[in-house]
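Dropping model.txt in here (compact mmCIF, C-alpha atoms and all ligand atoms):
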```txt
# COMPACT_ATOMS: atom_id res chain seq x y z
CA MET A 9 4.80 3.60 5.09
CA PRO A 10 6.66 0.55 6.49
CA ASP A 11 3.97 -2.00 5.55
CA ARG A 12 2.57 -2.94 2.17
CA ARG A 13 -0.90 -1.68 3.12
CA GLY A 14 -2.27 0.81 5.59
CA PHE A 15 -4.43 3.86 6.23
CA ILE A 16 -3.11 7.15 7.63
CA ASN A 17 -5.32 9.95 8.93
CA ILE A 18 -3.93 13.12 7.31
CA THR A 19 -6.73 15.49 8.39
CA SER A 20 -4.69 17.55 10.87
CA LYS A 21 -1.87 18.02 8.31
CA ILE A 22 -4.35 19.28 5.70
CA GLU A 23 -6.04 21.57 8.26
CA GLU A 24 -2.65 23.06 9.06
CA LEU A 25 -1.97 23.77 5.37
CA VAL A 26 -5.38 25.41 4.95
CA GLN A 27 -4.69 27.62 7.96
CA ARG A 28 -1.23 28.58 6.65
CA SER A 29 -2.67 29.42 3.20
CA GLY A 30 -4.86 32.14 4.69
CA VAL A 31 -7.72 31.10 2.39
CA THR A 32 -11.09 31.51 4.13
CA GLU A 33 -13.46 30.71 1.23
CA GLY A 34 -12.35 28.22 -1.42
CA LEU A 35 -11.48 24.64 -2.25
CA CYS A 36 -8.83 22.22 -1.10
CA LEU A 37 -7.76 19.37 -3.38
CA VAL A 38 -5.82 16.47 -1.91
CA ASN A 39 -4.56 13.75 -4.23
CA ALA A 40 -2.33 10.71 -3.98
CA MET A 41 0.67 11.03 -6.30
CA HIS A 42 0.93 7.26 -6.82
CA ILE A 43 -1.07 4.79 -8.88
CA THR A 44 -1.20 2.31 -6.00
CA ALA A 45 -2.39 4.73 -3.28
CA SER A 46 -5.63 6.57 -2.53
CA VAL A 47 -6.91 9.64 -0.77
CA PHE A 48 -10.46 9.27 0.53
CA ILE A 49 -12.85 10.64 3.13
CA ASN A 50 -14.66 8.55 5.70
CA ASP A 51 -15.05 7.88 9.41
CA ASN A 52 -12.00 7.60 11.67
CA GLU A 53 -12.96 4.23 13.09
CA SER A 54 -10.53 1.33 13.41
CA GLY A 55 -13.21 -1.33 12.84
CA LEU A 56 -14.06 0.32 9.53
CA HIS A 57 -10.39 0.35 8.49
CA HIS A 58 -10.19 -3.36 9.22
CA ASP A 59 -13.36 -3.88 7.16
CA TYR A 60 -11.88 -1.95 4.22
CA GLU A 61 -8.79 -4.11 4.36
CA ALA A 62 -10.83 -7.36 4.38
CA TRP A 63 -13.21 -6.12 1.69
CA LEU A 64 -10.43 -4.94 -0.65
CA GLU A 65 -8.53 -8.18 -0.15
CA LYS A 66 -11.69 -10.10 -1.10
CA LEU A 67 -12.19 -7.98 -4.24
CA ALA A 68 -8.54 -8.06 -5.33
CA PRO A 69 -6.47 -10.57 -3.34
CA HIS A 70 -2.72 -9.89 -3.36
CA ALA A 71 -1.96 -13.59 -3.90
CA PRO A 72 -1.61 -15.57 -6.04
CA THR A 73 0.27 -12.79 -7.82
CA THR A 74 0.41 -14.93 -10.98
CA ALA A 75 -3.38 -14.53 -11.33
CA TYR A 76 -2.87 -11.01 -12.69
CA ARG A 77 -1.73 -10.20 -16.19
CA HIS A 78 -0.18 -6.92 -14.98
CA ASN A 79 2.29 -8.89 -12.88
CA ARG A 80 3.78 -10.44 -16.03
CA THR A 81 5.73 -7.16 -16.24
CA GLY A 82 7.76 -8.48 -13.30
CA GLU A 83 5.84 -6.47 -10.71
CA ASP A 84 3.69 -7.98 -7.98
CA ASN A 85 1.31 -5.09 -7.36
CA ALA A 86 -1.65 -5.61 -9.71
CA ASP A 87 -3.95 -5.90 -6.69
CA ALA A 88 -2.71 -2.50 -5.44
CA HIS A 89 -3.69 -0.82 -8.74
CA LEU A 90 -7.20 -2.30 -8.44
CA LYS A 91 -7.55 -1.38 -4.75
CA ARG A 92 -6.50 2.18 -5.59
CA GLN A 93 -9.13 2.38 -8.31
CA ILE A 94 -12.02 1.59 -6.01
CA MET A 95 -10.80 3.77 -3.09
CA GLY A 96 -10.26 6.77 -5.36
CA ARG A 97 -7.47 9.12 -6.34
CA GLU A 98 -8.39 12.43 -4.69
CA VAL A 99 -10.82 14.43 -2.60
CA VAL A 100 -11.96 18.03 -2.84
CA VAL A 101 -13.20 19.73 0.33
CA ALA A 102 -14.83 23.15 0.57
CA ILE A 103 -13.14 25.74 2.76
CA THR A 104 -15.68 27.80 4.67
CA LYS A 105 -14.70 30.52 7.14
CA GLY A 106 -11.10 29.29 7.01
CA LYS A 107 -11.95 25.68 7.92
CA LEU A 108 -12.41 22.43 5.99
CA ASP A 109 -16.18 22.11 5.65
CA PHE A 110 -16.71 18.46 6.63
CA GLY A 111 -19.92 16.53 7.21
CA PRO A 112 -20.26 14.82 10.59
CA TRP A 113 -17.37 12.39 11.30
CA GLU A 114 -15.63 13.05 7.99
CA GLN A 115 -11.84 12.75 8.01
CA ILE A 116 -9.25 12.56 5.23
CA PHE A 117 -7.20 9.39 4.83
CA TYR A 118 -4.25 8.29 2.77
CA GLY A 119 -4.65 4.66 1.76
CA GLU A 120 -1.55 2.73 0.79
CA PHE A 121 -1.74 -0.54 -1.13
CA ASP A 122 1.87 -1.07 -2.21
CA GLY A 123 3.96 0.64 0.44
CA ARG A 124 7.45 0.27 1.87
CA ARG A 125 8.58 3.28 -0.16
CA ARG A 126 8.42 7.06 0.29
CA LYS A 127 5.08 8.40 -0.90
CA ARG A 128 3.73 11.85 -1.67
CA VAL A 129 0.41 13.66 -1.52
CA LEU A 130 -0.38 16.82 -3.50
CA VAL A 131 -2.40 19.52 -1.74
CA LYS A 132 -3.77 22.46 -3.75
CA ILE A 133 -5.68 25.21 -2.03
CA ILE A 134 -7.52 27.85 -4.06
CA GLY A 135 -9.76 30.70 -3.01
CA GLU A 136 -9.55 33.98 -1.19
ZN ZN B 1 2.21 -2.06 -11.14
```

Written as structure tokens, how would this file's structure read?
Amino acid sequence: MPDRRGFINITSKIEELVQRSGVTEGLCLVNAMHITASVFINDNESGLHHDYEAWLEKLAPHAPTTAYRHNRTGEDNADAHLKRQIMGREVVVAITKGKLDFGPWEQIFYGEFDGRRRKRVLVKIIGE
């Protein structure tokens, strides 16, 4: 993730892993392995992603970084911790007949709030 913040659609990657697992009935857990990143499900719509960005920045503005007690540790990412909290840590999706069982328009996203570093997502698939 080259920028501090962004959203990446990871649906096709997760679908590929489900297919490779051979599981046809089960559950798929996807979680962000970082305390300043989220995994969430919503619509793949660029207007909505802009709205998230504006809404999160209103709730927890990045600047002034001195407004946050957490940043007294020498970090500048208190806002990213708060943004992560509201966007969630993980999602669990049912696997039905070998496919992720989504509602209409649902897609899986990785949300980054303190990027510019390598980040990881854990995917755990269970079932038969
Ligand atoms: Zn921090």

Compile the contact shell of range 101-114 of chain A as a PyMOL selection string: residues with an atom at most 12 Å away, counting all atoms listed in the file, same-chain residues fewer than 3 positions apart removed.
chain A and resi 17-39+47-53+98+117+131-136

With only C-alpha atoms and all ligand atoms counted, collect every polymer residue having an atom within 6 Å of ligand ZN 1 (chain B); state the result as number ranges by chain.
A: 83, 85-86

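Between CA of Ser54 in chain A and CA of Lys66 in chain A the interatomic distance comes to 18.5 Å.
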
Where's the centre, and what are the edge lengths in Å to one decimal, of a box along x, y and z enclosing all listed atoms of range 54-64 of chain A padded 3 Å per side, as JSON?
```
{"center_x": -11.4, "center_y": -3.0, "center_z": 6.4, "size_x": 11.3, "size_y": 14.7, "size_z": 20.1}
```

So that I can see what lies close to Gly82 in chain A, please list as a list in words the residues with an atom at most 12 Å from it, counting only C-alpha atoms and leaving out residues fewer than 6 positions away in the same chain.
Thr73, Thr74 and Tyr76 of chain A

Measuring between only C-alpha atoms, which one of A:Leu90, A:Arg124, A:Ala45, A:Trp63 shows the shortest distance to His78 in chain A?
A:Leu90

So that I can see what lies close to Ile16 in chain A, please list as a ChimeraX atom specification the residues with an atom at most 9 Å from it, counting all atoms listed in the file and leaving out residues fewer than 2 positions away in the same chain.
/A:14,18,116-120

Could you check which of A:Arg97, A:Arg77, A:Lys91, A:His42 is closest to Ala62 in chain A, using all atoms listed in the file?
A:Lys91

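For the residues A:Leu67, A:Asp122, A:Gly55, A:Arg128, ranking by smallest atom-to-atom distance to His89 in chain A using all atoms listed in the file places A:Asp122 first.
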
Two-atom distance - CA of Arg13 in chain A, CA of Phe121 in chain A (Å)
4.5 Å

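Between CA of Gln93 in chain A and CA of Val129 in chain A lies a distance of 16.3 Å.
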